[in-house]
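Participant: JSON, C-alpha atoms, file final-v1.json:
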```
[["chain", "number", "residue", "atom", "x", "y", "z"],
["A", 1, "MET", "CA", 88.69, 120.29, 42.20],
["A", 2, "LEU", "CA", 87.01, 117.79, 39.87],
["A", 3, "ILE", "CA", 90.18, 115.71, 39.67],
["A", 4, "THR", "CA", 90.40, 115.64, 43.47],
["A", 5, "LEU", "CA", 86.79, 114.51, 43.83],
["A", 6, "SER", "CA", 87.31, 111.87, 41.16],
["A", 7, "GLY", "CA", 90.41, 110.62, 42.94],
["A", 8, "ILE", "CA", 88.62, 110.45, 46.27],
["A", 9, "SER", "CA", 85.68, 108.63, 44.69],
["A", 10, "LEU", "CA", 87.97, 106.10, 43.03],
["A", 11, "ALA", "CA", 89.88, 105.53, 46.26],
["A", 12, "TRP", "CA", 86.60, 105.08, 48.16],
["A", 13, "LEU", "CA", 85.31, 102.57, 45.60],
["A", 14, "GLY", "CA", 88.63, 100.73, 45.60],
["A", 15, "ALA", "CA", 88.66, 100.48, 49.38],
["A", 16, "ALA", "CA", 85.07, 99.19, 49.40],
["A", 17, "ALA", "CA", 85.88, 96.54, 46.79],
["A", 18, "TRP", "CA", 89.00, 95.48, 48.70],
["A", 19, "LEU", "CA", 87.06, 95.13, 51.98],
["A", 20, "ASP", "CA", 84.48, 92.93, 50.28],
["A", 21, "ARG", "CA", 87.04, 90.69, 48.55],
["A", 22, "HIS", "CA", 89.19, 90.45, 51.68],
["A", 23, "GLY", "CA", 86.23, 89.26, 53.76],
["A", 24, "LEU", "CA", 85.43, 86.49, 51.29],
["A", 25, "LYS", "CA", 88.77, 84.74, 51.83],
["A", 26, "GLU", "CA", 88.47, 81.35, 53.48],
["A", 27, "PRO", "CA", 89.32, 81.39, 57.18],
["A", 28, "PRO", "CA", 92.62, 79.77, 58.15],
["A", 29, "ALA", "CA", 92.70, 76.04, 58.71],
["A", 30, "GLY", "CA", 92.42, 74.76, 62.23],
["A", 31, "ASP", "CA", 89.94, 74.65, 65.03],
["A", 32, "PHE", "CA", 88.59, 77.50, 67.09],
["A", 33, "ASP", "CA", 87.13, 77.68, 70.58],
["A", 34, "ALA", "CA", 83.97, 79.41, 69.33],
["A", 35, "ILE", "CA", 82.30, 80.78, 66.24],
["A", 36, "VAL", "CA", 80.76, 84.21, 66.86],
["A", 37, "VAL", "CA", 77.95, 85.38, 64.60],
["A", 38, "LEU", "CA", 77.57, 89.15, 64.58],
["A", 39, "GLY", "CA", 74.03, 90.43, 64.88],
["A", 40, "CYS", "CA", 72.10, 92.28, 62.21],
["A", 41, "ARG", "CA", 68.57, 93.57, 61.73],
["A", 42, "VAL", "CA", 65.49, 91.45, 62.30],
["A", 43, "ALA", "CA", 62.69, 92.16, 59.82],
["A", 44, "PRO", "CA", 59.00, 92.61, 60.70],
["A", 45, "GLY", "CA", 57.38, 89.39, 61.79],
["A", 46, "GLY", "CA", 60.58, 88.22, 63.50],
["A", 47, "ARG", "CA", 62.29, 87.05, 60.31],
["A", 48, "PRO", "CA", 66.05, 87.51, 60.14],
["A", 49, "SER", "CA", 67.17, 90.04, 57.55],
["A", 50, "VAL", "CA", 68.89, 88.58, 54.49],
["A", 51, "SER", "CA", 72.27, 89.55, 55.94],
["A", 52, "LEU", "CA", 71.58, 87.99, 59.33],
["A", 53, "ALA", "CA", 70.31, 84.78, 57.74],
["A", 54, "ARG", "CA", 73.39, 84.49, 55.53],
["A", 55, "ARG", "CA", 75.69, 85.09, 58.49],
["A", 56, "ALA", "CA", 73.93, 82.38, 60.49],
["A", 57, "GLU", "CA", 74.00, 79.98, 57.53],
["A", 58, "ARG", "CA", 77.75, 80.55, 57.10],
["A", 59, "ALA", "CA", 78.31, 79.96, 60.80],
["A", 60, "ALA", "CA", 76.20, 76.79, 60.67],
["A", 61, "SER", "CA", 78.31, 75.44, 57.80],
["A", 62, "LEU", "CA", 81.51, 76.15, 59.73],
["A", 63, "SER", "CA", 80.09, 74.55, 62.86],
["A", 64, "LEU", "CA", 78.98, 71.44, 60.99],
["A", 65, "GLU", "CA", 82.52, 71.18, 59.54],
["A", 66, "GLY", "CA", 83.69, 70.89, 63.16],
["A", 67, "ARG", "CA", 85.54, 74.22, 63.24],
["A", 68, "ALA", "CA", 84.42, 74.99, 66.83],
["A", 69, "PRO", "CA", 82.39, 73.33, 69.59],
["A", 70, "SER", "CA", 80.34, 76.47, 70.36],
["A", 71, "VAL", "CA", 78.45, 79.02, 68.30],
["A", 72, "VAL", "CA", 77.72, 82.38, 69.90],
["A", 73, "THR", "CA", 74.97, 84.38, 68.24],
["A", 74, "THR", "CA", 74.98, 88.06, 69.16],
["A", 75, "GLY", "CA", 72.64, 91.01, 69.12],
["A", 76, "GLY", "CA", 69.83, 92.40, 71.19],
["A", 77, "VAL", "CA", 66.27, 93.29, 70.27],
["A", 78, "GLY", "CA", 66.10, 96.07, 67.70],
["A", 79, "GLU", "CA", 63.01, 97.49, 66.05],
["A", 80, "HIS", "CA", 61.39, 94.06, 65.72],
["A", 81, "PRO", "CA", 61.61, 91.12, 68.13],
["A", 82, "PRO", "CA", 63.01, 88.58, 68.71],
["A", 83, "SER", "CA", 66.62, 89.43, 69.45],
["A", 84, "GLU", "CA", 69.10, 89.26, 66.61],
["A", 85, "ALA", "CA", 70.83, 86.47, 68.54],
["A", 86, "ARG", "CA", 67.62, 84.40, 68.74],
["A", 87, "ALA", "CA", 66.82, 84.90, 65.04],
["A", 88, "ALA", "CA", 70.37, 83.82, 64.06],
["A", 89, "ALA", "CA", 70.25, 80.84, 66.41],
["A", 90, "ASP", "CA", 66.97, 79.69, 64.85],
["A", 91, "VAL", "CA", 68.57, 79.75, 61.38],
["A", 92, "ALA", "CA", 71.62, 77.83, 62.62],
["A", 93, "ILE", "CA", 69.43, 75.20, 64.31],
["A", 94, "ALA", "CA", 67.33, 74.84, 61.14],
["A", 95, "ARG", "CA", 70.61, 74.18, 59.28],
["A", 96, "GLY", "CA", 71.52, 71.35, 61.64],
["A", 97, "VAL", "CA", 73.52, 72.94, 64.48],
["A", 98, "ASP", "CA", 72.85, 71.25, 67.82],
["A", 99, "PRO", "CA", 70.89, 73.72, 70.00],
["A", 100, "SER", "CA", 73.07, 72.80, 72.98],
["A", 101, "ALA", "CA", 76.12, 74.16, 71.11],
["A", 102, "ILE", "CA", 74.58, 77.63, 70.74],
["A", 103, "LEU", "CA", 75.02, 80.44, 73.23],
["A", 104, "LEU", "CA", 72.82, 83.53, 72.89],
["A", 105, "GLU", "CA", 74.30, 86.94, 73.64],
["A", 106, "GLU", "CA", 71.22, 89.18, 73.56],
["A", 107, "ARG", "CA", 72.48, 92.50, 74.94],
["A", 108, "SER", "CA", 74.79, 94.00, 72.33],
["A", 109, "THR", "CA", 73.90, 96.62, 69.73],
["A", 110, "THR", "CA", 77.29, 97.37, 68.14],
["A", 111, "THR", "CA", 80.31, 95.42, 66.95],
["A", 112, "ARG", "CA", 82.28, 96.61, 70.00],
["A", 113, "GLU", "CA", 79.52, 95.37, 72.27],
["A", 114, "ASN", "CA", 79.32, 92.07, 70.30],
["A", 115, "ALA", "CA", 82.98, 91.46, 71.14],
["A", 116, "ARG", "CA", 82.83, 92.49, 74.77],
["A", 117, "GLU", "CA", 79.57, 90.68, 75.52],
["A", 118, "ALA", "CA", 80.58, 87.52, 73.63],
["A", 119, "ARG", "CA", 83.76, 87.40, 75.72],
["A", 120, "ALA", "CA", 81.79, 87.86, 78.96],
["A", 121, "LEU", "CA", 79.24, 85.20, 77.96],
["A", 122, "LEU", "CA", 81.90, 82.65, 77.06],
["A", 123, "GLU", "CA", 83.71, 83.27, 80.35],
["A", 124, "SER", "CA", 80.46, 82.96, 82.33],
["A", 125, "GLU", "CA", 79.85, 79.59, 80.61],
["A", 126, "GLY", "CA", 83.35, 78.42, 81.54],
["A", 127, "VAL", "CA", 84.61, 78.41, 77.95],
["A", 128, "ASP", "CA", 88.29, 79.29, 77.70],
["A", 129, "ALA", "CA", 87.90, 81.03, 74.36],
["A", 130, "ARG", "CA", 91.24, 82.18, 73.06],
["A", 131, "ARG", "CA", 90.64, 81.48, 69.36],
["A", 132, "VAL", "CA", 87.42, 82.73, 67.81],
["A", 133, "LEU", "CA", 86.08, 82.74, 64.29],
["A", 134, "VAL", "CA", 83.91, 85.81, 63.69],
["A", 135, "VAL", "CA", 81.20, 85.62, 61.03],
["A", 136, "SER", "CA", 79.77, 88.76, 59.46],
["A", 137, "ASP", "CA", 79.15, 90.25, 56.04],
["A", 138, "SER", "CA", 82.27, 90.03, 53.91],
["A", 139, "TYR", "CA", 82.91, 93.79, 53.86],
["A", 140, "HIS", "CA", 82.60, 94.00, 57.68],
["A", 141, "CYS", "CA", 85.15, 91.28, 58.49],
["A", 142, "PHE", "CA", 88.25, 93.49, 58.40],
["A", 143, "ARG", "CA", 87.00, 95.94, 61.06],
["A", 144, "ALA", "CA", 85.22, 93.27, 63.10],
["A", 145, "ARG", "CA", 88.41, 91.24, 63.37],
["A", 146, "ARG", "CA", 90.32, 94.26, 64.67],
["A", 147, "ILE", "CA", 87.67, 95.02, 67.27],
["A", 148, "PHE", "CA", 87.52, 91.40, 68.46],
["A", 149, "CYS", "CA", 91.33, 91.32, 68.79],
["A", 150, "ARG", "CA", 90.95, 93.53, 71.85],
["A", 151, "HIS", "CA", 89.02, 90.76, 73.62],
["A", 152, "PHE", "CA", 90.43, 87.50, 72.23],
["A", 153, "GLU", "CA", 93.94, 86.17, 71.68],
["A", 154, "THR", "CA", 93.44, 84.91, 68.12],
["A", 155, "VAL", "CA", 90.70, 86.13, 65.80],
["A", 156, "ALA", "CA", 89.90, 85.01, 62.28],
["A", 157, "SER", "CA", 86.88, 85.88, 60.20],
["A", 158, "ALA", "CA", 84.57, 84.27, 57.70],
["A", 159, "GLY", "CA", 82.50, 86.51, 55.48],
["A", 160, "SER", "CA", 79.05, 85.79, 54.23],
["A", 161, "GLU", "CA", 78.17, 86.82, 50.70],
["A", 162, "GLY", "CA", 74.94, 88.71, 50.35],
["A", 163, "PRO", "CA", 73.19, 90.15, 47.32],
["A", 164, "THR", "CA", 75.44, 92.36, 45.17],
["A", 165, "ARG", "CA", 73.46, 95.56, 45.70],
["A", 166, "ALA", "CA", 73.42, 95.16, 49.49],
["A", 167, "ARG", "CA", 77.13, 94.26, 49.55],
["A", 168, "THR", "CA", 78.01, 97.31, 47.46],
["A", 169, "ARG", "CA", 75.98, 99.65, 49.67],
["A", 170, "GLY", "CA", 77.34, 98.04, 52.82],
["A", 171, "ALA", "CA", 80.95, 98.13, 51.64],
["A", 172, "LEU", "CA", 80.71, 101.82, 50.78],
["A", 173, "ARG", "CA", 79.32, 102.55, 54.27],
["A", 174, "GLU", "CA", 81.99, 100.33, 55.82],
["A", 175, "VAL", "CA", 84.78, 102.51, 54.39],
["A", 176, "ALA", "CA", 83.39, 105.42, 56.42],
["A", 177, "ALA", "CA", 82.98, 103.22, 59.51],
["A", 178, "LEU", "CA", 86.55, 102.02, 59.17],
["A", 179, "ALA", "CA", 87.81, 105.60, 58.90],
["A", 180, "ALA", "CA", 85.84, 106.55, 62.02],
["A", 181, "HIS", "CA", 87.20, 103.49, 63.83],
["A", 182, "ALA", "CA", 90.78, 104.45, 62.88],
["A", 183, "THR", "CA", 90.19, 108.00, 64.09],
["A", 184, "ARG", "CA", 88.98, 106.75, 67.49],
["A", 185, "LEU", "CA", 92.08, 104.57, 67.82],
["A", 186, "THR", "CA", 94.42, 107.51, 67.32],
["A", 187, "ARG", "CA", 92.83, 109.69, 70.01]]
```
Represent the structure from my file as structure tokens, please.
Facilitator:
Amino acid sequence: MLITLSGISLAWLGAAAWLDRHGLKEPPAGDFDAIVVLGCRVAPGGRPSVSLARRAERAASLSLEGRAPSVVTTGGVGEHPPSEARAAADVAIARGVDPSAILLEERSTTTRENAREARALLESEGVDARRVLVVSDSYHCFRARRIFCRHFETVASAGSEGPTRARTRGALREVAALAAHATRLTR
């Protein structure tokens, strides 16, 4: 029994480490139709959480490199206003992204909803978005890319790198989320 639990623990840790490393790979060369920043918690006082700020900063860097003409920030209002999308947009604008290039998707609360609502927003704005670059925490990129593939023709990801403790905790949780996601796909 102890050997089995040790094996499971090692496999879990290995999967978490792989997810984190995989998400830190540079996105493929080339241009995209839009960069989509996945939402994350807004802290009291309307400040973006560390994770949300890092995602928005990563997206701003990619936008300023000319990787896509539009940046879609996603996420509704959680426990603290403003919306996750607004908080991320404010960070991107502070980093130099032209406000007219940013589209706010302020309804979603999950990664699935981020994908569906980003697609609907881009279509409503007349953007023929076939190729998107999704920005999230490094450990979340693998699953996010798979979810977005249901709504977009080509999906790449760019992971943001947060503090080690938060990344470790998040990556361990993401292994469970990925398993749950895989289970839903097989039903």
Participant: Within 10 Å of (90.3, 74.8, 61.0) in the file's own coordinates, which protein, DNA or RNA residues have an atom, counting all atoms listed in the file? List them as a list in words.
Facilitator: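 Protein, DNA and RNA residues close to (90.3, 74.8, 61.0): Pro27, Pro28, Ala29, Gly30, Asp31, Phe32, Leu62, Glu65, Gly66, Arg67, Ala68 and Leu133 of chain A.
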Participant: Could you list, as a VMD selection string, every residue within 8 Å of Asp128 in chain A, counting only C-alpha atoms and ignoring same-chain residues fewer than 3 positions away?
Facilitator: chain A and resid 33 122 to 123
Participant: Return the single residue from A:Arg107, A:Arg47, A:Arg112, A:Arg54 that is closest to Ala87 in chain A, with distances computed using only C-alpha atoms.
Facilitator: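 Residue with the minimum atom-to-atom distance to Ala87 in chain A: A:Arg47.
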Participant: Could you pull the residues within 12 Å of Gly76 in chain A, counting only C-alpha atoms, minus those fewer than 5 positions along the same chain, as a count of residues only?
Facilitator: 24
Participant: Would you list the contacts of range 136-146 of chain A as number ranges by chain, taking every protein, DNA or RNA residue within 6 Å and counting all atoms listed in the file, but skipping same-chain residues closer than 2 positions in sequence?
Facilitator: A: 19-20, 23-24, 38, 55, 148-149, 157, 159-160, 171
Participant: Determine the nearest neighbour of Glu79 in chain A from the options A:Ala118, A:Ala43, A:Ala158, A:Ala101, counting all atoms listed in the file.
Facilitator: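 Using all atoms listed in the file, Glu79 in chain A sits closest to A:Ala43.
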Participant: Could you check the closest approach to Gly14 in chain A for each of A:Val50, A:Val175, A:Glu125, A:Phe152 and tell me which residue wins, using all atoms listed in the file?
Facilitator: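 For Gly14 in chain A, the nearest of the given residues is A:Val175.
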